[in-house]
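Asks: Below: one structure in C-alpha cells.
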Amino acid sequence: MKKISSLFFAIFLIIGFVKAEDKKLVSPDGILVVTVSANNGAPTYSINYNGKLFLKESPLGMKTNIGDFSQGLILNGKVSEQKIDETYELPNIKQSKVHYVANEGVYSFLKDNKPAFDVIFRVSKNDVAFRYKVYPQKDRLSCIVNEETSGFVFPEGTTTFLTAQSKAMVGFARTMPSYEIPYKADAPMGENGQGNGYTFPCLFKVNDSGWVLISETGVDSRYCGSRLIGRAGGLYTIGFPMEEENNGNGTAAPGLALPGETPWRTITLGETLAPIVETTVPFDVVKPRYEASQKYKYTKGSWSWIIKMDGGTVYDVQKQYIDFSADMGYETVLVDALWDTQIGREKIAELAKYGATKNVGLYLWYNSNGYWNDAPQGPRGIMDNTIARRKEMAWMKSIGVRGIKVDFFGGDKQVTIKQYEDILYDANDFGIMVIFHGCTLPRGWERMYPNYAASEAILASENLFFGQRSCDYEAFNACLHPFIRNAVGSMDFGGSALNKFYNANNTPGRGSKRITSDVYALATAVLFQSGVQHFALAPNNLTDAPEWAISFMKEVPTTWDEVRFIDGYPGKYVVLARRHGEKWYVAGINAQKEPLELNVKLPMLQAGAELKLYSDDDQLNGKVSTTKMNKKQEIELTIPGNGGALLVK
Ligand code: CA
C-alpha cells in the first residue's frame, strides 16, 4: 500500500513538473482556453473551445539578427494577467458600438536567463489575439526579424477555404500581387496555394467541431504585412512578403526598434459561423494612430469606369454621373484613371464646382507609383512622394475634393505599409478620405486611421466586366466574402450592377453578361460591408431597371449598427441581417444550382411583424411584396440559384 502510494506520488511529481510549464488563459465566459507552454525549449500554444481541440500545439517565436528566439527558451513562471473591458464607437465597421471584454496574459520567454520576448495573448468570447514584445539584447536597440516561427496546427481532417498568394511582379503591368486569386472551397490541407502561400484572412473548417478564421491586425509602418504558408502535418506558419515584391526594392524582413511590438495575429473561432461573421477583433485590439482633422462622412456614390471603362473618364460623362448621383441622392462621384490627361486639372476644378451645386463631391483616382510597376495610368508619381502628394492634396482641398482612390500597390513589405500609412496621414491634414485599390487587406485600419474609407483586396466587380467566367462564379465568390474577406475589413467591391450587360449602353449581346438577378444585386449592397460605397449603377438604370430596385438602391445605408449571422455555408449560400438605426435588412443569396428553401428565424423581430420582401421567381424575375412573421418568429424564404432575397423591417 505504501509502495503504491509513493509510486502515485512519483507519477504525480513528473506530471506536476510537466504541467508546471503549461499556463492557461481562459475567456471571460470560461469556454475558450489557450494553453501556453515551452516544449523542450520551443514556445508553443494550443486552443480549446467548449472542450474541443481547435488548434493543436502550435509554434511561437521568431528568428532575429540579434538572437534565435524560437528555441532554447524558458517560460517564466510568473504570468501577469489583467481584465480588459473597453467600449468604443466606430461608424464604419459592421457594428457601431462595441463592448470588448477579454482576459490578457503576458508570457515571458527567457533565453540564457535574460528576457527575450513576451507573448501577449488576449482571449475574448470567440477571439484570440496574440503579439510579441521583443526586448533589447545587450546594447542592441534594434533588430531585423528574419523569420517568425508563429504557426497554427489544425487537427487532421480540417478543410480549407483559402485564396492563394499570387507571385509578385507578374500580371497586368507587373502589378501583382493584387490579392485577387479565386478561392478554393472545402479543399484539403497540405497544400501551399500556388507555391507562395495564402492571403489573409484564411478560413478553416475543423471537422464537425466548428470554424476558425485566421488573420492579422494592427499592421502599420512599424512592420510588414504577412501571409500564411502551408506546410505538412496541418501546420500553417506566418510568412513575410516575397523578395520580388515592389520590384525587389525594400526588405522582406521587417525591422523593429526595441523594445518593440509586432502586429496582432487573430484567431476567431466557434461552433457555428456566427462568431466569424460578427467578429470585431480586428478593431478591438488596435487604437487610433492619429486624431481625425474633421468629422468624416461615409457616403454612397456612382462611378462611370466600371461600365464605361477608360473612355468614360471625360468631362461630359463625369458631369452626367454627377447628375446621376444627385438623382440617386448619392453624395459622391468617383472619377477614375486618366482624368489628368482626359479631363485636366482646370476642368476637374469645374466639375468639383458643378458637383457642389448638387451636393455631390468628387473622389479622384491616383496611381500609387512609384518605381515598383509599369502601370501607365495617370496621375502617376504623386502618391509615392510626400512633397508632391501634399502639394496635390492642398490643391484638392482648395477645390473641395472629398477623397482619393489610390491603385496599384507594390506588396506587403514594410516600405509599402509605410506608404499606405503616409498617404492616410497626409490626406487627413487636408480632410481627404482614402480608398485603396489594387491593394492589400486592411488590417484594423478603420479604427487606426480615421479618414480610411475602404480597400479592394478582392476579386472585385471589375472582373465581372473583364470576363464571363467571373460572372459565372459571381454568386459563389459572394457567398464566401461575408465569412472571409469582408469579415475582417471594409470591402470596396464596387458592385450591385443593374445593367444586364457590361458595356457602355447595356446593349444585349455585348461584353460579359450578368447572370445574377436584380434582387441579388440589391442583396449584395447589404451583404458587402463598406462605409463608403460606389455602386456599379449607370444613368440608364433610371429607365431600364425596375423602379423598386432603383428606389432600394437610393435607400440602402452604408453604415450599420449591428450584424447577425442567420444561415449559410461558404461558397453555397448566405443569409445575414444588418441593422441601421431601428431598421433591419435581412439579405440572402444562393450560389447553388437548386433553389434554396429556408425557414429563417429572426429573433430580433416581433412575431406577427409585417416585412417588405424582395424575392425572385424561378426565372430570376424580381418582385416586391409583404410577408408576415409567424408565431415562432420565422419566415419561409425561397432563393433560386443566382438569385437573392431581401427582407426589410
Ligand atoms: Ca483589382
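Every chain in the C-alpha cells takes a letter, A first, then B, and so on in the order presented; its residues are numbered from 1, and the ligands are numbered from 1 following the presented order.
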What lies within 7 Å of region 500-510 of chain A using only C-alpha atoms, ignoring chain neighbours under 4 positions off, as a list in words?

Replies: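 Counting only C-alpha atoms, the residues come to Ile307, Lys308, Phe465 and Arg514 of chain A.
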
Asks: If you count only C-alpha atoms and all ligand atoms, which residues end up within 10 Å of ligand 1, as a PyMOL selection string?

Replies: chain A and resi 175-180+407-408+437-439+456-463+492-493

Asks: Please save N, CA, C and O atoms of the selected residues as an mmCIF file, in the first residue's frame.

Replies:
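Output (selection-v5.cif):
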```cif
data_model
loop_
_atom_site.group_PDB
_atom_site.id
_atom_site.type_symbol
_atom_site.label_atom_id
_atom_site.label_comp_id
_atom_site.auth_asym_id
_atom_site.auth_seq_id
_atom_site.Cartn_x
_atom_site.Cartn_y
_atom_site.Cartn_z
ATOM 1 N N THR A 175 1.808 44.345 -61.825
ATOM 2 C CA THR A 175 1.203 44.946 -60.626
ATOM 3 C C THR A 175 0.850 43.927 -59.545
ATOM 4 O O THR A 175 0.394 44.301 -58.480
ATOM 5 N N MET A 176 1.073 42.633 -59.808
ATOM 6 C CA MET A 176 0.716 41.635 -58.803
ATOM 7 C C MET A 176 1.764 41.616 -57.684
ATOM 8 O O MET A 176 2.914 41.949 -57.941
ATOM 9 N N PRO A 177 1.445 41.186 -56.443
ATOM 10 C CA PRO A 177 0.161 40.602 -56.080
ATOM 11 C C PRO A 177 -0.913 41.670 -55.900
ATOM 12 O O PRO A 177 -0.661 42.688 -55.275
ATOM 13 N N SER A 178 -2.088 41.424 -56.468
ATOM 14 C CA SER A 178 -3.186 42.346 -56.204
ATOM 15 C C SER A 178 -4.312 41.643 -55.463
ATOM 16 O O SER A 178 -5.409 42.139 -55.402
ATOM 17 N N TYR A 179 -3.987 40.478 -54.888
ATOM 18 C CA TYR A 179 -4.885 39.810 -53.933
ATOM 19 C C TYR A 179 -6.238 39.500 -54.560
ATOM 20 O O TYR A 179 -7.280 39.773 -53.992
ATOM 21 N N GLU A 180 -6.205 38.919 -55.764
ATOM 22 C CA GLU A 180 -7.463 38.598 -56.430
ATOM 23 C C GLU A 180 -7.419 37.235 -57.114
ATOM 24 O O GLU A 180 -7.990 37.038 -58.172
ATOM 25 N N ASP A 407 -4.388 53.311 -56.425
ATOM 26 C CA ASP A 407 -4.378 51.994 -57.062
ATOM 27 C C ASP A 407 -2.946 51.482 -57.262
ATOM 28 O O ASP A 407 -1.995 52.266 -57.228
ATOM 29 N N PHE A 408 -2.817 50.180 -57.486
ATOM 30 C CA PHE A 408 -1.556 49.527 -57.900
ATOM 31 C C PHE A 408 -0.452 49.621 -56.850
ATOM 32 O O PHE A 408 0.577 50.278 -57.073
ATOM 33 N N HIS A 437 -7.024 50.574 -53.765
ATOM 34 C CA HIS A 437 -7.430 49.645 -54.825
ATOM 35 C C HIS A 437 -6.160 48.961 -55.326
ATOM 36 O O HIS A 437 -5.079 49.518 -55.227
ATOM 37 N N GLY A 438 -6.297 47.737 -55.842
ATOM 38 C CA GLY A 438 -5.096 47.001 -56.241
ATOM 39 C C GLY A 438 -4.153 46.924 -55.051
ATOM 40 O O GLY A 438 -2.966 47.206 -55.154
ATOM 41 N N CYS A 439 -4.713 46.522 -53.923
ATOM 42 C CA CYS A 439 -4.054 46.763 -52.632
ATOM 43 C C CYS A 439 -4.195 45.559 -51.711
ATOM 44 O O CYS A 439 -4.890 44.610 -52.019
ATOM 45 N N GLU A 456 -9.992 47.472 -51.758
ATOM 46 C CA GLU A 456 -10.480 46.421 -52.650
ATOM 47 C C GLU A 456 -10.017 45.071 -52.079
ATOM 48 O O GLU A 456 -10.788 44.405 -51.396
ATOM 49 N N ALA A 457 -8.775 44.664 -52.342
ATOM 50 C CA ALA A 457 -8.208 43.425 -51.787
ATOM 51 C C ALA A 457 -9.137 42.223 -51.972
ATOM 52 O O ALA A 457 -9.340 41.421 -51.060
ATOM 53 N N ILE A 458 -9.699 42.103 -53.173
ATOM 54 C CA ILE A 458 -10.616 41.007 -53.501
ATOM 55 C C ILE A 458 -10.792 40.998 -55.018
ATOM 56 O O ILE A 458 -10.536 41.996 -55.670
ATOM 57 N N LEU A 459 -11.209 39.868 -55.538
ATOM 58 C CA LEU A 459 -11.557 39.778 -56.957
ATOM 59 C C LEU A 459 -12.883 40.532 -57.128
ATOM 60 O O LEU A 459 -13.948 39.959 -57.010
ATOM 61 N N ALA A 460 -12.791 41.832 -57.383
ATOM 62 C CA ALA A 460 -13.958 42.711 -57.261
ATOM 63 C C ALA A 460 -14.707 42.884 -58.575
ATOM 64 O O ALA A 460 -14.428 42.218 -59.569
ATOM 65 N N SER A 461 -15.654 43.835 -58.585
ATOM 66 C CA SER A 461 -16.628 43.954 -59.671
ATOM 67 C C SER A 461 -15.988 44.150 -61.037
ATOM 68 O O SER A 461 -16.552 43.747 -62.048
ATOM 69 N N GLU A 462 -14.793 44.764 -61.104
ATOM 70 C CA GLU A 462 -14.171 44.999 -62.408
ATOM 71 C C GLU A 462 -13.970 43.691 -63.182
ATOM 72 O O GLU A 462 -14.007 43.674 -64.400
ATOM 73 N N ASN A 463 -13.774 42.603 -62.456
ATOM 74 C CA ASN A 463 -13.568 41.313 -63.116
ATOM 75 C C ASN A 463 -14.839 40.788 -63.773
ATOM 76 O O ASN A 463 -14.776 39.968 -64.682
ATOM 77 N N ASP A 492 -14.241 47.156 -50.655
ATOM 78 C CA ASP A 492 -14.689 48.008 -51.752
ATOM 79 C C ASP A 492 -14.899 47.141 -52.992
ATOM 80 O O ASP A 492 -14.012 47.032 -53.829
ATOM 81 N N PHE A 493 -16.091 46.538 -53.077
ATOM 82 C CA PHE A 493 -16.379 45.635 -54.184
ATOM 83 C C PHE A 493 -16.835 46.416 -55.421
ATOM 84 O O PHE A 493 -16.591 46.015 -56.539
#
```

Asks: Out of A:Ala521, A:Val98, A:Leu362, A:Leu110, which residue has the shortest atom-to-atom distance to Val563 (chain A) when counting only C-alpha atoms?

Replies: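 Closest to Val563 (chain A), using only C-alpha atoms: A:Val98.
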
Asks: Determine the nearest neighbour of Arg485 (chain A) from the options A:Ser551, A:Gln320, A:Thr163, A:Thr87, counting only C-alpha atoms.

Replies: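 When distances to Arg485 (chain A) are compared using only C-alpha atoms, the smallest one comes from A:Thr163.
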
Asks: Counting only C-alpha atoms, which residue out of A:Arg174, A:Lys125, A:Lys111, A:Lys628 sits closest to Leu611 (chain A)?

Replies: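 The answer is A:Lys628, which sits nearest to Leu611 (chain A).
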